[in-house]
>>> print(open('entry_38.txt').read())   # compact mmCIF, C-alpha atoms
# COMPACT_ATOMS: atom_id res chain seq x y z
CA MET M 160 0.00 0.00 0.00
CA LYS M 161 1.25 3.44 -0.90
CA LEU M 162 2.10 5.42 2.20
CA ASN M 163 0.91 8.82 1.11
CA ILE M 164 0.72 11.74 3.48
CA ARG M 165 -2.89 11.03 4.36
CA ASN M 166 -2.14 7.41 5.21
CA LYS M 167 0.87 8.42 7.28
CA LEU M 168 -1.18 10.91 9.26
CA LEU M 169 -4.07 8.48 9.70
CA GLY M 170 -1.67 5.72 10.70
CA SER M 171 -0.04 7.98 13.25
CA PHE M 172 -3.36 8.96 14.78
CA LEU M 173 -4.55 5.35 14.79
CA PHE M 174 -1.33 4.30 16.52
CA ILE M 175 -1.90 6.83 19.30
CA ILE M 176 -5.59 5.86 19.52
CA VAL M 177 -4.68 2.18 19.88
CA ILE M 178 -2.24 3.03 22.69
CA MET M 179 -4.90 5.09 24.45
CA MET M 180 -7.47 2.31 24.04
CA GLY M 181 -4.96 -0.16 25.46
CA LEU M 182 -4.39 2.20 28.37
CA GLY M 183 -8.14 2.42 28.92
CA VAL M 184 -8.54 -1.37 28.91
CA PHE M 185 -5.60 -1.78 31.30
CA ALA M 186 -6.98 0.89 33.63
CA LEU M 187 -10.43 -0.77 33.63
CA MET M 188 -8.88 -4.15 34.44
CA GLN M 189 -6.93 -2.66 37.33
CA LEU M 190 -10.02 -0.85 38.59
CA ASP M 191 -11.94 -4.13 38.44
CA GLN M 192 -9.26 -5.89 40.49
CA THR M 193 -9.21 -3.04 43.00
CA ASN M 194 -12.99 -3.22 43.23
CA ASP M 195 -12.83 -6.97 43.87
CA ARG M 196 -10.33 -6.45 46.70
CA THR M 197 -12.44 -3.65 48.14
CA LEU M 198 -15.54 -5.84 48.03
CA LEU M 199 -13.59 -8.66 49.70
CA ILE M 200 -12.59 -6.35 52.53
CA GLY M 201 -16.06 -4.85 52.87
CA GLN M 202 -18.10 -8.04 52.44
CA ASN M 203 -15.81 -10.62 54.04
CA THR M 204 -12.88 -9.29 56.05
CA VAL M 205 -14.68 -6.61 58.05
CA PRO M 206 -17.76 -8.78 58.79
CA SER M 207 -15.43 -11.64 59.80
CA ILE M 208 -13.56 -9.52 62.32
CA ARG M 209 -16.83 -8.09 63.63
CA ALA M 210 -18.28 -11.60 64.03
CA MET M 211 -15.21 -12.78 65.95
CA ASP M 212 -15.45 -9.77 68.26
CA GLU M 213 -19.11 -10.63 68.93
CA ILE M 214 -18.17 -14.26 69.63
CA GLU M 215 -15.49 -13.14 72.07
CA LEU M 216 -17.89 -10.76 73.80
CA MET M 217 -20.55 -13.48 74.08
CA ILE M 218 -18.05 -15.94 75.60
CA ASN M 219 -17.09 -13.32 78.18
CA GLN M 220 -20.76 -12.62 78.81
CA TYR M 221 -21.37 -16.34 79.38
CA ARG M 222 -18.56 -16.37 81.92
CA ARG M 223 -20.07 -13.35 83.69
CA TYR M 224 -23.45 -15.11 83.92
CA GLN M 225 -21.70 -18.05 85.57
CA LEU M 226 -19.91 -15.85 88.10
CA ARG M 227 -23.11 -13.93 88.89
CA HIS M 228 -24.85 -17.26 89.42
CA VAL M 229 -22.21 -18.22 91.98
CA ILE M 230 -22.80 -15.07 94.04
CA ALA M 231 -26.59 -15.09 93.61
CA THR M 232 -28.52 -15.66 96.83
CA THR M 233 -32.06 -16.22 95.57
CA ALA M 234 -33.67 -18.68 93.19
CA ALA M 235 -34.96 -15.80 91.05
CA GLU M 236 -31.47 -14.39 90.61
CA MET M 237 -30.13 -17.81 89.68
CA GLU M 238 -32.90 -18.38 87.16
CA GLU M 239 -32.11 -15.01 85.59
CA GLN M 240 -28.43 -15.93 85.18
CA GLU M 241 -29.28 -19.41 83.87
CA ALA M 242 -31.58 -17.81 81.30
CA GLY M 243 -28.72 -15.53 80.33
CA MET M 244 -26.38 -18.52 79.96
CA THR M 245 -28.92 -20.32 77.76
CA GLY M 246 -29.37 -17.21 75.64
CA ALA M 247 -25.61 -16.83 75.29
CA GLU M 248 -25.30 -20.46 74.16
CA VAL M 249 -28.00 -19.93 71.54
CA GLU M 250 -26.41 -16.67 70.41
CA LEU M 251 -22.98 -18.28 70.10
CA ASN M 252 -24.34 -21.15 68.01
CA GLN M 253 -26.02 -18.61 65.73
CA LEU M 254 -22.79 -16.61 65.45
CA PHE M 255 -20.82 -19.74 64.53
CA LYS M 256 -23.36 -20.61 61.82
CA ALA M 257 -23.41 -17.02 60.55
CA TYR M 258 -19.64 -17.13 60.16
CA GLU M 259 -19.70 -20.16 57.83
CA PRO M 260 -20.25 -18.11 54.61
CA LEU M 261 -17.41 -15.79 55.66
CA VAL M 262 -14.75 -18.53 55.89
CA SER M 263 -11.81 -17.34 53.79
CA ASP M 264 -9.76 -20.51 53.39
CA ASP M 265 -8.89 -23.88 54.94
CA GLN M 266 -6.81 -22.26 57.68
CA ASP M 267 -9.68 -19.97 58.63
CA ARG M 268 -12.04 -22.95 58.78
CA ALA M 269 -9.58 -24.93 60.91
CA LEU M 270 -9.36 -22.02 63.37
CA LEU M 271 -13.16 -21.75 63.48
CA GLU M 272 -13.48 -25.45 64.28
CA GLU M 273 -10.78 -25.12 66.95
CA VAL M 274 -12.69 -22.30 68.65
CA LYS M 275 -15.93 -24.32 68.53
CA SER M 276 -14.14 -27.33 69.99
CA HIS M 277 -12.67 -25.29 72.86
CA TRP M 278 -16.06 -23.70 73.48
CA GLN M 279 -17.71 -27.11 73.82
CA ALA M 280 -14.86 -28.23 76.08
CA TYR M 281 -15.38 -25.20 78.31
CA GLN M 282 -19.12 -25.81 78.53
CA THR M 283 -18.43 -29.37 79.66
CA ALA M 284 -15.64 -28.44 82.08
CA SER M 285 -17.57 -25.59 83.74
CA SER M 286 -20.97 -27.26 83.98
CA ALA M 287 -20.07 -28.83 87.33
CA PHE M 288 -20.39 -25.45 89.08
CA LEU M 289 -24.15 -25.32 88.59
CA ALA M 290 -25.25 -27.89 91.21
CA PRO M 291 -23.26 -26.47 94.16
CA SER M 292 -24.15 -22.94 93.10
CA ARG M 293 -27.87 -23.77 93.28
CA GLU M 294 -27.28 -25.13 96.78
CA LEU M 295 -25.61 -21.81 97.70
CA ASN M 296 -22.29 -23.61 98.12
CA THR M 297 -20.33 -20.65 96.83
CA GLU M 298 -16.89 -22.03 97.58
CA ALA M 299 -17.49 -25.33 95.78
CA ALA M 300 -19.11 -23.56 92.82
CA ALA M 301 -16.22 -21.11 92.53
CA GLN M 302 -13.74 -23.96 92.75
CA ALA M 303 -15.58 -25.74 89.92
CA LEU M 304 -15.00 -22.71 87.70
CA LYS M 305 -11.28 -22.95 88.38
CA GLY M 306 -8.91 -25.77 87.57
CA ASP M 307 -9.83 -27.54 84.32
CA ALA M 308 -12.61 -25.07 83.60
CA GLU M 309 -10.27 -22.10 83.86
CA LYS M 310 -7.64 -23.89 81.76
CA THR M 311 -10.16 -24.65 79.00
CA LEU M 312 -11.34 -21.03 79.18
CA ASN M 313 -7.76 -19.82 78.68
CA ASP M 314 -7.35 -22.26 75.78
CA LEU M 315 -10.58 -20.91 74.30
CA ALA M 316 -9.37 -17.32 74.67
CA THR M 317 -6.07 -18.23 72.99
CA ALA M 318 -7.89 -19.94 70.12
CA VAL M 319 -10.11 -16.89 69.61
CA GLN M 320 -7.06 -14.61 69.67
CA ASN M 321 -5.24 -16.76 67.09
CA TRP M 322 -8.34 -16.73 64.93
CA GLN M 323 -8.61 -12.95 65.15
CA GLU M 324 -4.92 -12.47 64.39
CA TYR M 325 -5.15 -14.69 61.32
CA ASN M 326 -8.07 -12.69 59.93
CA VAL M 327 -6.27 -9.43 60.66
CA GLN M 328 -3.33 -10.90 58.75
CA LEU M 329 -5.65 -11.68 55.82
CA ALA M 330 -6.98 -8.12 55.95
CA ASN M 331 -3.46 -6.71 55.90
CA GLN M 332 -2.57 -8.94 52.97
CA SER M 333 -5.59 -7.64 51.05
CA LEU M 334 -4.62 -4.06 51.84
CA ASP M 335 -1.00 -4.69 50.85
CA ALA M 336 -2.14 -6.31 47.60
CA SER M 337 -4.39 -3.33 46.87
CA GLU M 338 -1.58 -0.87 47.56
CA ALA M 339 0.85 -2.86 45.41
CA ALA M 340 -1.67 -3.09 42.57
CA TYR M 341 -2.29 0.65 42.82
CA ALA M 342 1.45 1.41 42.67
CA ILE M 343 1.96 -0.93 39.71
CA SER M 344 -1.07 0.49 37.90
CA GLN M 345 0.11 4.03 38.54
CA ASN M 346 3.57 3.28 37.16
CA TRP M 347 2.18 1.51 34.11
CA ILE M 348 -0.32 4.26 33.35
CA ILE M 349 2.31 6.96 33.74
CA GLY M 350 4.70 4.94 31.57
CA ILE M 351 2.10 4.38 28.86
CA VAL M 352 1.03 8.03 28.85
CA VAL M 353 4.64 9.22 28.67
CA GLY M 354 5.42 6.60 26.02
CA ALA M 355 2.40 7.62 23.96
CA ALA M 356 3.36 11.28 24.26
CA LEU M 357 6.95 10.55 23.19
CA ALA M 358 5.74 8.34 20.35
CA GLY M 359 3.37 11.07 19.20
CA LEU M 360 6.12 13.68 19.35
CA GLY M 361 8.50 11.34 17.53
CA ILE M 362 6.02 10.66 14.75
CA ALA M 363 5.15 14.34 14.45
CA PHE M 364 8.84 15.29 14.34
CA TYR M 365 9.55 12.62 11.70
CA LEU M 366 6.66 13.70 9.47
CA ALA M 367 7.41 17.40 9.91
CA ARG M 368 11.13 16.90 9.23
CA SER M 369 10.47 14.69 6.22
CA LEU M 370 7.99 17.11 4.64
CA SER M 371 10.13 20.11 5.54
CA ASN M 372 13.28 18.60 3.98
CA ALA M 373 11.39 17.67 0.82
CA ALA M 374 9.87 21.12 0.49
CA LYS M 375 13.22 22.80 1.20
CA GLN M 376 15.03 20.76 -1.48
CA MET M 377 12.33 21.48 -4.04
CA VAL M 378 12.30 25.20 -3.27
CA GLN M 379 16.09 25.36 -3.61
CA THR M 380 15.94 23.39 -6.87
CA ALA M 381 13.17 25.58 -8.28
CA GLU M 382 15.13 28.72 -7.34
CA GLN M 383 18.28 27.36 -8.98
CA ILE M 384 16.38 26.51 -12.16
CA ALA M 385 14.71 29.92 -12.22
CA GLN M 386 17.81 31.94 -11.33
CA THR M 387 20.53 29.94 -13.11
CA ASP M 388 19.46 27.35 -15.65
CA LEU M 389 16.54 29.16 -17.31
CA PRO M 390 18.52 32.39 -17.77
CA THR M 391 21.38 30.30 -19.24
CA LEU M 392 19.02 28.63 -21.72
CA ALA M 393 17.38 31.96 -22.51
CA GLY M 394 20.80 33.55 -23.21
CA LEU M 395 21.80 30.58 -25.35
CA THR M 396 18.57 30.81 -27.32
CA ALA M 397 19.12 34.53 -27.87
CA ALA M 398 22.72 33.92 -29.04
CA ILE M 399 21.59 31.28 -31.51
CA ALA M 400 18.87 33.57 -32.76
CA GLY M 401 21.59 36.20 -33.34
CA GLY M 402 23.55 33.74 -35.42
CA ASP M 403 26.12 32.70 -32.80
CA LEU M 404 26.27 28.92 -32.98
CA THR M 405 29.37 28.56 -30.84
CA GLN M 406 27.59 29.02 -27.51
CA THR M 407 26.89 26.00 -25.24
CA ALA M 408 24.85 25.59 -22.09
CA THR M 409 25.42 23.44 -19.01
CA ILE M 410 22.51 22.81 -16.67
CA GLN M 411 23.74 23.33 -13.11
CA THR M 412 20.78 21.85 -11.27
CA ARG M 413 21.23 18.30 -10.04
CA SER M 414 18.58 15.68 -9.37
CA LEU M 415 16.88 15.67 -5.98
CA SER M 416 18.04 13.04 -3.49
CA TYR M 417 14.71 12.96 -1.68
CA GLN M 418 12.86 9.65 -1.97
CA ALA M 419 9.51 8.71 -0.47
CA SER M 420 6.33 6.87 -1.39
CA ASP M 421 4.06 9.81 -0.63
CA GLU M 422 2.96 12.86 -2.62
CA MET M 423 6.19 14.69 -1.81
CA GLY M 424 8.09 11.75 -3.29
CA ASP M 425 5.94 11.97 -6.44
CA LEU M 426 6.67 15.67 -6.64
CA ALA M 427 10.40 15.03 -6.21
CA ARG M 428 10.34 12.48 -9.04
CA ALA M 429 8.49 14.97 -11.24
CA PHE M 430 11.18 17.53 -10.43
CA ASN M 431 13.88 15.04 -11.37
CA GLN M 432 12.15 14.32 -14.69
CA MET M 433 12.01 18.05 -15.38
CA ILE M 434 15.70 18.43 -14.49
CA ALA M 435 16.57 15.49 -16.75
CA ARG M 436 14.71 17.15 -19.65
CA LEU M 437 16.51 20.43 -18.99
CA GLN M 438 19.85 18.61 -18.98
CA GLU M 439 18.96 16.91 -22.28
CA THR M 440 17.94 20.27 -23.71
CA GLY M 441 21.22 21.82 -22.59
CA ARG M 442 23.25 19.01 -24.15
CA SER M 443 21.35 19.30 -27.43
CA PHE M 444 22.77 22.76 -28.19
>>> encode(input="entry_38.txt", output="structure tokens")
Amino acid sequence: MKLNIRNKLLGSFLFIIVIMMGLGVFALMQLDQTNDRTLLIGQNTVPSIRAMDEIELMINQYRRYQLRHVIATTAAEMEEQEAGMTGAEVELNQLFKAYEPLVSDDQDRALLEEVKSHWQAYQTASSAFLAPSRELNTEAAAQALKGDAEKTLNDLATAVQNWQEYNVQLANQSLDASEAAYAISQNWIIGIVVGAALAGLGIAFYLARSLSNAAKQMVQTAEQIAQTDLPTLAGLTAAIAGGDLTQTATIQTRSLSYQASDEMGDLARAFNQMIARLQETGRSF
């Protein structure tokens, strides 16, 4: 295909447009990834941490109900604390079930199961306090909440803490990934924009320089023909008309060195054909 000036200009613009479209596609892809990470944090990470905090609070509340039961002195007070314990158990089971859709990976699930296992162990280990507490045997009831019960409670607290720390770690990883993706996207976008600008300037400089050089050579050639060769031929013609056949003419203008496949190249070839005819005319005298 002939690369005329129009095609060169269109090709240059299309090249820049393609780069800009590529930049747009890349930016949209990065925005989509950033949106996915944001949704993960908003729909999974934050609710997970909130759920674990609620589980921890409910475990502590269950423990408080037990301790209040130990120091209660009336049947009504004990029934109130037992109702609170039952409600806390129901609430904890609901919180564990509600967390299931929020499980991030196998490690998160393993930590969830560990917390549930320690919770069941604590319920079993601490249940012995209830009978002496109902009999107002405060010392025996308090002792039942120590020993194995206290150890299982500490194990439960440690399991909850490990679970929380792991989810905080996942949240930090998501944030770090988002920040890294943002930095990479920023660098790529800046690089593409700068590259496109430099490419556009380079193409514009090349086209301008090419056209300018062609026009400059043709102007100089036309001036030389008009100021040197045509007056020489005119003088030679006048001498011959006066009967002087000894005069000769040498065409000074040389062929243009400019070559291109566009309209300026066609014009340069036309100039060269004209110069060749002038040289033939000069040699014919």
>>> residues_around(input="entry_38.txt", residues="region 371-374 of chain M", least_positions_apart="2", cutoff="10 Å", atoms="all atoms listed in the file", output="list of chain:residue names")
M:Tyr365, M:Leu366, M:Ala367, M:Arg368, M:Ser369, M:Gln376, M:Met377, M:Val378, M:Gln379, M:Thr380, M:Leu415, M:Ser416, M:Tyr417, M:Gln418, M:Ala419, M:Met423, M:Gly424, M:Leu426, M:Ala427
>>> atom_distance(input="entry_38.txt", atom1="CA of Glu298 (chain M)", atom2="CA of Val229 (chain M)")
8.6 Å
>>> closest_residue(input="entry_38.txt", among="M:Ser420, M:Asn331, M:Thr440, M:Ser263", to="Pro206 (chain M)", atoms="all atoms listed in the file")
M:Ser263
>>> closest_residue(input="entry_38.txt", among="M:Ala363, M:Leu437, M:Ala340, M:Ala257", to="Asp191 (chain M)", atoms="only C-alpha atoms")
M:Ala340
>>> residues_around(input="entry_38.txt", residues="Phe185 (chain M)", least_positions_apart="3", cutoff="9 Å", atoms="all atoms listed in the file", output="list in words")
Met180, Gly181, Leu182, Met188, Gln189, Leu190, Ser344, Trp347 and Ile348 of chain M
>>> atom_distance(input="entry_38.txt", atom1="CA of His277 (chain M)", atom2="CA of Lys305 (chain M)")
15.8 Å
>>> residues_near_point(input="entry_38.txt", point="(-10.8, -15.8, 73.9)", cutoff="9 Å", atoms="only C-alpha atoms", output="VMD selection string")
chain M and resid 214 to 216 218 to 219 274 312 to 321
>>> closest_residue(input="entry_38.txt", among="M:Leu395, M:Ala336, M:Ala381, M:Leu360", to="Arg442 (chain M)", atoms="all atoms listed in the file")
M:Leu395
>>> residues_around(input="entry_38.txt", residues="region 264-266 of chain M", least_positions_apart="3", cutoff="10 Å", atoms="all atoms listed in the file", output="PyMOL selection string")
chain M and resi 261+269-272+322+325-326
>>> closest_residue(input="entry_38.txt", among="M:Gly361, M:Leu169, M:Lys256, M:Phe288", to="Leu226 (chain M)", atoms="all atoms listed in the file")
M:Phe288
>>> residues_around(input="entry_38.txt", residues="region 193-199 of chain M", least_positions_apart="5", cutoff="8 Å", atoms="only C-alpha atoms", output="list in words")
Thr204, Ser333, Ser337, Ala340 and Tyr341 of chain M
>>> closest_residue(input="entry_38.txt", among="M:Ile410, M:Leu251, M:Leu289, M:Val205", to="Glu238 (chain M)", atoms="all atoms listed in the file")
M:Leu289
>>> closest_residue(input="entry_38.txt", among="M:Val184, M:Leu168, M:Met217, M:Ile362", to="Gly246 (chain M)", atoms="all atoms listed in the file")
M:Met217
>>> atom_distance(input="entry_38.txt", atom1="CA of Glu294 (chain M)", atom2="CA of Glu241 (chain M)")
14.3 Å
>>> residues_near_point(input="entry_38.txt", point="(-12.9, -26.7, 76.5)", cutoff="10 Å", atoms="only C-alpha atoms", output="PyMOL selection string")
chain M and resi 273-285+307-315
>>> axis_aligned_box(input="entry_38.txt", around="region 311-329 of chain M", padding_each_side="3 Å", output="lines of an AutoDock Vina configuration file")
center_x = -7.3
center_y = -17.0
center_z = 67.5
size_x = 14.0
size_y = 21.2
size_z = 29.4
>>> decode(input="entry_38.txt", residues="region 392-417 of chain M", atoms="N, CA and C atoms", output="PDB file, in the first residue's frame")
ATOM      1  N   LEU M 392      19.683  29.102 -20.491  1.00  0.00           N
ATOM      2  CA  LEU M 392      19.020  28.634 -21.718  1.00  0.00           C
ATOM      3  C   LEU M 392      18.449  29.805 -22.514  1.00  0.00           C
ATOM      4  N   ALA M 393      17.929  30.793 -21.803  1.00  0.00           N
ATOM      5  CA  ALA M 393      17.381  31.964 -22.507  1.00  0.00           C
ATOM      6  C   ALA M 393      18.489  32.718 -23.234  1.00  0.00           C
ATOM      7  N   GLY M 394      19.670  32.871 -22.563  1.00  0.00           N
ATOM      8  CA  GLY M 394      20.797  33.547 -23.211  1.00  0.00           C
ATOM      9  C   GLY M 394      21.306  32.758 -24.400  1.00  0.00           C
ATOM     10  N   LEU M 395      21.354  31.419 -24.236  1.00  0.00           N
ATOM     11  CA  LEU M 395      21.804  30.582 -25.347  1.00  0.00           C
ATOM     12  C   LEU M 395      20.848  30.689 -26.527  1.00  0.00           C
ATOM     13  N   THR M 396      19.575  30.689 -26.248  1.00  0.00           N
ATOM     14  CA  THR M 396      18.574  30.811 -27.321  1.00  0.00           C
ATOM     15  C   THR M 396      18.713  32.154 -28.034  1.00  0.00           C
ATOM     16  N   ALA M 397      18.956  33.207 -27.257  1.00  0.00           N
ATOM     17  CA  ALA M 397      19.120  34.534 -27.866  1.00  0.00           C
ATOM     18  C   ALA M 397      20.377  34.588 -28.730  1.00  0.00           C
ATOM     19  N   ALA M 398      21.472  33.922 -28.248  1.00  0.00           N
ATOM     20  CA  ALA M 398      22.719  33.918 -29.035  1.00  0.00           C
ATOM     21  C   ALA M 398      22.531  33.173 -30.345  1.00  0.00           C
ATOM     22  N   ILE M 399      21.845  32.043 -30.273  1.00  0.00           N
ATOM     23  CA  ILE M 399      21.594  31.280 -31.510  1.00  0.00           C
ATOM     24  C   ILE M 399      20.733  32.081 -32.466  1.00  0.00           C
ATOM     25  N   ALA M 400      19.730  32.750 -31.895  1.00  0.00           N
ATOM     26  CA  ALA M 400      18.871  33.575 -32.755  1.00  0.00           C
ATOM     27  C   ALA M 400      19.659  34.699 -33.411  1.00  0.00           C
ATOM     28  N   GLY M 401      20.755  35.148 -32.761  1.00  0.00           N
ATOM     29  CA  GLY M 401      21.586  36.199 -33.343  1.00  0.00           C
ATOM     30  C   GLY M 401      22.635  35.647 -34.293  1.00  0.00           C
ATOM     31  N   GLY M 402      22.640  34.342 -34.465  1.00  0.00           N
ATOM     32  CA  GLY M 402      23.554  33.742 -35.423  1.00  0.00           C
ATOM     33  C   GLY M 402      24.811  33.175 -34.809  1.00  0.00           C
ATOM     34  N   ASP M 403      24.924  33.230 -33.467  1.00  0.00           N
ATOM     35  CA  ASP M 403      26.116  32.698 -32.803  1.00  0.00           C
ATOM     36  C   ASP M 403      25.860  31.242 -32.434  1.00  0.00           C
ATOM     37  N   LEU M 404      26.488  30.349 -33.211  1.00  0.00           N
ATOM     38  CA  LEU M 404      26.268  28.918 -32.979  1.00  0.00           C
ATOM     39  C   LEU M 404      27.378  28.289 -32.154  1.00  0.00           C
ATOM     40  N   THR M 405      28.244  29.102 -31.613  1.00  0.00           N
ATOM     41  CA  THR M 405      29.373  28.560 -30.835  1.00  0.00           C
ATOM     42  C   THR M 405      29.056  28.443 -29.344  1.00  0.00           C
ATOM     43  N   GLN M 406      27.932  29.013 -28.946  1.00  0.00           N
ATOM     44  CA  GLN M 406      27.585  29.016 -27.511  1.00  0.00           C
ATOM     45  C   GLN M 406      27.082  27.628 -27.073  1.00  0.00           C
ATOM     46  N   THR M 407      27.397  27.251 -25.838  1.00  0.00           N
ATOM     47  CA  THR M 407      26.895  26.004 -25.235  1.00  0.00           C
ATOM     48  C   THR M 407      26.279  26.323 -23.868  1.00  0.00           C
ATOM     49  N   ALA M 408      25.509  25.391 -23.400  1.00  0.00           N
ATOM     50  CA  ALA M 408      24.850  25.590 -22.088  1.00  0.00           C
ATOM     51  C   ALA M 408      25.006  24.333 -21.243  1.00  0.00           C
ATOM     52  N   THR M 409      25.320  24.548 -19.971  1.00  0.00           N
ATOM     53  CA  THR M 409      25.420  23.438 -19.012  1.00  0.00           C
ATOM     54  C   THR M 409      24.402  23.663 -17.896  1.00  0.00           C
ATOM     55  N   ILE M 410      23.533  22.699 -17.725  1.00  0.00           N
ATOM     56  CA  ILE M 410      22.512  22.806 -16.672  1.00  0.00           C
ATOM     57  C   ILE M 410      23.171  22.509 -15.325  1.00  0.00           C
ATOM     58  N   GLN M 411      23.078  23.464 -14.406  1.00  0.00           N
ATOM     59  CA  GLN M 411      23.740  23.329 -13.109  1.00  0.00           C
ATOM     60  C   GLN M 411      22.927  22.502 -12.092  1.00  0.00           C
ATOM     61  N   THR M 412      21.646  22.516 -12.252  1.00  0.00           N
ATOM     62  CA  THR M 412      20.784  21.845 -11.267  1.00  0.00           C
ATOM     63  C   THR M 412      20.960  20.335 -11.314  1.00  0.00           C
ATOM     64  N   ARG M 413      21.091  19.742 -10.139  1.00  0.00           N
ATOM     65  CA  ARG M 413      21.234  18.297 -10.039  1.00  0.00           C
ATOM     66  C   ARG M 413      19.928  17.670  -9.528  1.00  0.00           C
ATOM     67  N   SER M 414      19.802  16.396  -9.776  1.00  0.00           N
ATOM     68  CA  SER M 414      18.584  15.682  -9.368  1.00  0.00           C
ATOM     69  C   SER M 414      18.422  15.716  -7.845  1.00  0.00           C
ATOM     70  N   LEU M 415      17.170  15.695  -7.416  1.00  0.00           N
ATOM     71  CA  LEU M 415      16.879  15.675  -5.975  1.00  0.00           C
ATOM     72  C   LEU M 415      17.203  14.302  -5.389  1.00  0.00           C
ATOM     73  N   SER M 416      17.722  14.307  -4.174  1.00  0.00           N
ATOM     74  CA  SER M 416      18.036  13.038  -3.494  1.00  0.00           C
ATOM     75  C   SER M 416      16.870  12.533  -2.652  1.00  0.00           C
ATOM     76  N   TYR M 417      15.835  13.334  -2.531  1.00  0.00           N
ATOM     77  CA  TYR M 417      14.706  12.959  -1.683  1.00  0.00           C
ATOM     78  C   TYR M 417      13.936  11.809  -2.313  1.00  0.00           C
TER      79      TYR M 417
END
